[in-house]
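Student: Mind looking over this structure? Questions follow.
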Amino acid sequence: MNSVFPYTARNLYDWLTSGEDVVVVDVRNEKEFARFKVEGPRPFPLLNIPYFDFMEMERESVARLPRGKRLRFICATEASAKYVAEIPGKHGFNDAGYLTGGISSWGNLLVPRRVAAAAGYELYQFIRPGKASCSYGLVAGEEMMLFDPSRNVEFYLDFADRKNARIVKSFETHLQADYIAGSRMIAERAGAEFLANEADFQGAKIAYTPLRDGRRYGFSAGGPAIRALFTPGHTPGSTSYCIDDTFMLSGDTVFIRSIGRPDLGGRAEEWSKLLFATMQAVRRMDPNLVVLPGHFIAWDEADSELVFRCPLGEAIRRNESIYAMDTVDRFIDFIKANIRPQPEEYARIRRINANLEQADEEEQEILDIGKNECAASAYARLQTA
């Protein structure tokens with residue numbers, strides 16, 4: 001009996017996380033598949049058999065599907081996957097599902113993981129598997145603060161509602177280039193205060209509160225203090241946030257593996273000097289601070305609870321070949337040797353995030369899809385100190 005059913009991006013994440021015996025079949029064309037594909041915390045079978053192959057060579061395409069397996073089809077928008085999922089049933093398969101909302105639903109998925117539940121507050125990491133990025137939520141009493149939210153505004157509003165809290169502040173670590181940021185939308189929808197570094201947002205058509213280096217920001221009553229720490233380099237206005245003198249939300253400055261690349265603004269040498277100075281300051285910080293990064297490169301950076309975090313001292317040790325560079329000239333040479341073209345859409349995303357250019361919902365979906373390219377050495381050749 002043919003059993004074709006819809007499944008959600010969260011269903012898929014849960015299957016891949018728990019190691020369920022499923023085979024993911026992506027029916028987009030090879031170019032789209034190469035640009036952005038599903039990845040998970042565990043290895044899993046992933047096939048790319050384009051939709052038109054099923055149309056033109058049905059038997060040959062079905063022959064590529066493993067027998068006795070649970071098939072999970074994916075396409076760009078849902079319709080093609082739904083259509084193709086019907087085909088194996090004619091050839092003896094009986095467990096096929098199609099991803100509702102298409103690949104963009106995977107790209108927009110947010111998975112909450114609790115980082116801490118201390119006296120008076122809860123801190124959450126919202127993992128975005130399709131973007132290899134993380135945003136954060138801090139809840140104290142009936143208030144919630146966000147850090148680097150994505151454009152999936154409904155998720156954050158629903159999460160706050162489940163926590164019986166209202167979103168009062170939304171912080172940005174920098175003017176994002178790799179995804180469309182949600183702080184402005186959150187401010188409009190929830191009446192939250194938008195806070196950002198004017199070194200990045202000066203000239204933006206956004207009502208925001210300029211951050212002050214070293215200033216502490218808090219809740220109306222109780223809860224931990226949040227200290228803004230200017231850490232320029234990835235952008236001139238890059239800012240980290242220290243929560244309760246325990247956690248460091250490092251944005252795109254400190255990664256568990258690598259550091260943020262300083263060339264996305266087209267001024268690699270100038271921004272590399274800023275980043276080099278920031279790295280020296282980071283080395284002097286408390287090594288026990290728990291780094292909570294804005295991005296990850298691979299799932300093996302997550303801990304046993306599938307949270308992306310590590311002590312600052314460990315992050316520095318993991319990237320010792322970079323942090324050990326003792327002169328700014330040497331660091332600039334490293335950056336220049338590892339510069340790779342930034343995605344064409346990044347310049348436009350920056351303008352959209354500054355509200356200097358508009359994009360409709362469909363355009364935002366297209367611009368926002370795909371993994372980030374924000375690390376300085378994610379695809380670089382091996383460097384030695």
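Here, A, B, ... name the chains of the structure tokens in the order displayed, residue numbers run from 1 inside each chain, and ligands are numbered from 1 in the same displayed order.
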Assign secondary structure with DSSP using the backbone only, and return the residues of range 97-144 of chain A in strand (DSSP E) as a list in words.
Tutor: Gly97, Tyr98, Leu99, Val111, Pro112, Arg113, Arg114, Val115, Ala116, Ala117, Ala118, Tyr121, Glu122, Leu123, Tyr124, Gln125, Phe126, Ile127, Arg128, Ser133, Cys134, Ser135, Tyr136, Gly137, Leu138, Val139, Ala140, Glu143 and Met144 of chain A
Student: When you draw a straight line from CA of Asp300 in chain A to CA of Ile256 in chain A, how long is it in Å?
Tutor: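 The value is 10.3 Å.
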Student: Write out as a Markdown table the residues of range 29-53 of chain A that have any atom within 12 Å of an atom of range 303-319 of chain A, one row each with the nearest atom pair and its distance in Å to one decimal, counting only C-alpha atoms, sorted by chain and then rising number.
Tutor:
| residue | atom | partner | partner_atom | distance |
| --- | --- | --- | --- | --- |
| A:Gly40 | CA | A:Leu306 | CA | 10.8 |
| A:Pro41 | CA | A:Leu306 | CA | 8.0 |
| A:Arg42 | CA | A:Leu306 | CA | 10.9 |
Student: Give me the residues near range 102-115 of chain A as a PDB file with N, CA and C atoms, in the first residue's frame, where near means some atom within 6 Å (using only C-alpha atoms) and where sequence neighbours in that chain fewer than 3 positions away do not count.
Tutor:
ATOM      1  N   ALA A   9       9.909  20.509   8.576  1.00  0.00           N
ATOM      2  CA  ALA A   9      11.356  20.662   8.771  1.00  0.00           C
ATOM      3  C   ALA A   9      11.764  20.216  10.167  1.00  0.00           C
ATOM      4  N   CYS A  75      12.095  19.292  -2.212  1.00  0.00           N
ATOM      5  CA  CYS A  75      12.263  20.075  -3.434  1.00  0.00           C
ATOM      6  C   CYS A  75      12.295  21.552  -3.063  1.00  0.00           C
ATOM      7  N   ALA A  76      12.222  22.406  -4.065  1.00  0.00           N
ATOM      8  CA  ALA A  76      12.328  23.839  -3.799  1.00  0.00           C
ATOM      9  C   ALA A  76      11.108  24.378  -3.069  1.00  0.00           C
ATOM     10  N   THR A  77       9.909  23.956  -3.487  1.00  0.00           N
ATOM     11  CA  THR A  77       8.705  24.581  -2.945  1.00  0.00           C
ATOM     12  C   THR A  77       7.682  23.623  -2.356  1.00  0.00           C
ATOM     13  N   GLU A  78       7.824  22.336  -2.552  1.00  0.00           N
ATOM     14  CA  GLU A  78       6.961  21.279  -2.019  1.00  0.00           C
ATOM     15  C   GLU A  78       6.289  20.474  -3.127  1.00  0.00           C
ATOM     16  N   LEU A  99       8.587  17.132   2.105  1.00  0.00           N
ATOM     17  CA  LEU A  99       8.787  18.248   3.021  1.00  0.00           C
ATOM     18  C   LEU A  99       7.821  19.381   2.705  1.00  0.00           C
ATOM     19  N   LEU A 123      18.576  31.135  29.601  1.00  0.00           N
ATOM     20  CA  LEU A 123      19.249  31.536  28.369  1.00  0.00           C
ATOM     21  C   LEU A 123      19.089  30.429  27.340  1.00  0.00           C
ATOM     22  N   TYR A 124      18.626  30.796  26.153  1.00  0.00           N
ATOM     23  CA  TYR A 124      18.382  29.833  25.090  1.00  0.00           C
ATOM     24  C   TYR A 124      19.216  30.151  23.854  1.00  0.00           C
ATOM     25  N   GLN A 125      19.676  29.086  23.210  1.00  0.00           N
ATOM     26  CA  GLN A 125      20.307  29.185  21.897  1.00  0.00           C
ATOM     27  C   GLN A 125      19.295  28.679  20.874  1.00  0.00           C
ATOM     28  N   PHE A 126      19.034  29.487  19.852  1.00  0.00           N
ATOM     29  CA  PHE A 126      18.123  29.091  18.790  1.00  0.00           C
ATOM     30  C   PHE A 126      18.970  28.728  17.563  1.00  0.00           C
ATOM     31  N   ILE A 127      19.108  27.442  17.333  1.00  0.00           N
ATOM     32  CA  ILE A 127      19.958  26.954  16.249  1.00  0.00           C
ATOM     33  C   ILE A 127      19.182  26.990  14.938  1.00  0.00           C
ATOM     34  N   ARG A 128      19.801  27.527  13.927  1.00  0.00           N
ATOM     35  CA  ARG A 128      19.224  27.544  12.584  1.00  0.00           C
ATOM     36  C   ARG A 128      20.051  26.608  11.711  1.00  0.00           C
ATOM     37  N   GLY A 130      19.807  25.228   8.803  1.00  0.00           N
ATOM     38  CA  GLY A 130      19.992  25.514   7.381  1.00  0.00           C
ATOM     39  C   GLY A 130      20.942  26.648   7.105  1.00  0.00           C
ATOM     40  N   ILE A 369      18.518  32.111   1.815  1.00  0.00           N
ATOM     41  CA  ILE A 369      18.780  30.677   1.850  1.00  0.00           C
ATOM     42  C   ILE A 369      20.277  30.390   1.684  1.00  0.00           C
TER      43      ILE A 369
END
Student: What gap, in Å, lies between CA of Thr209 in chain A and CA of Ile352 in chain A?
Tutor: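 Distance between the two atoms: 18.7 Å.
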Student: Quick one: pick out all helix (DSSP H, G or I) residues within range 240-331 of chain A from a backbone DSSP run and write them as an MDAnalysis selection string.
Tutor: chainID A and resid 268:283 299:301 312:318 320:323 328:331
Student: Please identify all polymer residues within 9 Å of Thr231 in chain A, counting only C-alpha atoms, omitting same-chain residues fewer than 4 positions from it, and present them as number ranges by chain.
Tutor: A: 235-240, 250, 253, 274-275, 277-279, 281-282
Student: Next, write the just-selected residues to a file, as an mmCIF file, in the first residue's frame, keeping N, CA and C atoms as the atom set.
Tutor:
data_model
loop_
_atom_site.group_PDB
_atom_site.id
_atom_site.type_symbol
_atom_site.label_atom_id
_atom_site.label_comp_id
_atom_site.auth_asym_id
_atom_site.auth_seq_id
_atom_site.Cartn_x
_atom_site.Cartn_y
_atom_site.Cartn_z
ATOM 1 N N THR A 235 33.206 43.485 11.379
ATOM 2 C CA THR A 235 32.723 44.777 10.890
ATOM 3 C C THR A 235 33.223 45.818 11.883
ATOM 4 N N PRO A 236 33.218 47.101 11.510
ATOM 5 C CA PRO A 236 33.668 48.118 12.469
ATOM 6 C C PRO A 236 32.807 48.177 13.722
ATOM 7 N N GLY A 237 31.540 47.794 13.608
ATOM 8 C CA GLY A 237 30.642 47.867 14.747
ATOM 9 C C GLY A 237 30.373 46.550 15.427
ATOM 10 N N SER A 238 31.172 45.550 15.160
ATOM 11 C CA SER A 238 30.940 44.245 15.788
ATOM 12 C C SER A 238 30.962 44.370 17.310
ATOM 13 N N THR A 239 29.965 43.763 17.927
ATOM 14 C CA THR A 239 29.786 43.860 19.371
ATOM 15 C C THR A 239 29.501 42.488 19.948
ATOM 16 N N SER A 240 30.152 42.192 21.068
ATOM 17 C CA SER A 240 29.845 40.973 21.815
ATOM 18 C C SER A 240 29.058 41.381 23.058
ATOM 19 N N SER A 250 29.272 36.040 21.158
ATOM 20 C CA SER A 250 30.394 36.618 20.416
ATOM 21 C C SER A 250 30.065 37.014 18.987
ATOM 22 N N THR A 253 32.631 37.324 15.795
ATOM 23 C CA THR A 253 34.008 37.652 16.163
ATOM 24 C C THR A 253 34.766 36.405 16.591
ATOM 25 N N LEU A 274 41.674 46.222 12.769
ATOM 26 C CA LEU A 274 40.730 46.268 13.885
ATOM 27 C C LEU A 274 40.592 44.894 14.530
ATOM 28 N N LEU A 275 40.473 43.863 13.689
ATOM 29 C CA LEU A 275 40.277 42.518 14.213
ATOM 30 C C LEU A 275 41.509 42.025 14.961
ATOM 31 N N ALA A 277 43.594 43.825 16.701
ATOM 32 C CA ALA A 277 43.574 44.456 18.021
ATOM 33 C C ALA A 277 42.524 43.795 18.910
ATOM 34 N N THR A 278 41.370 43.452 18.329
ATOM 35 C CA THR A 278 40.327 42.782 19.105
ATOM 36 C C THR A 278 40.801 41.421 19.587
ATOM 37 N N MET A 279 41.513 40.691 18.733
ATOM 38 C CA MET A 279 42.004 39.372 19.129
ATOM 39 C C MET A 279 42.965 39.468 20.314
ATOM 40 N N ALA A 281 42.806 41.714 22.623
ATOM 41 C CA ALA A 281 41.954 41.989 23.785
ATOM 42 C C ALA A 281 41.229 40.720 24.242
ATOM 43 N N VAL A 282 40.793 39.919 23.287
ATOM 44 C CA VAL A 282 40.097 38.679 23.618
ATOM 45 C C VAL A 282 41.007 37.739 24.395
#
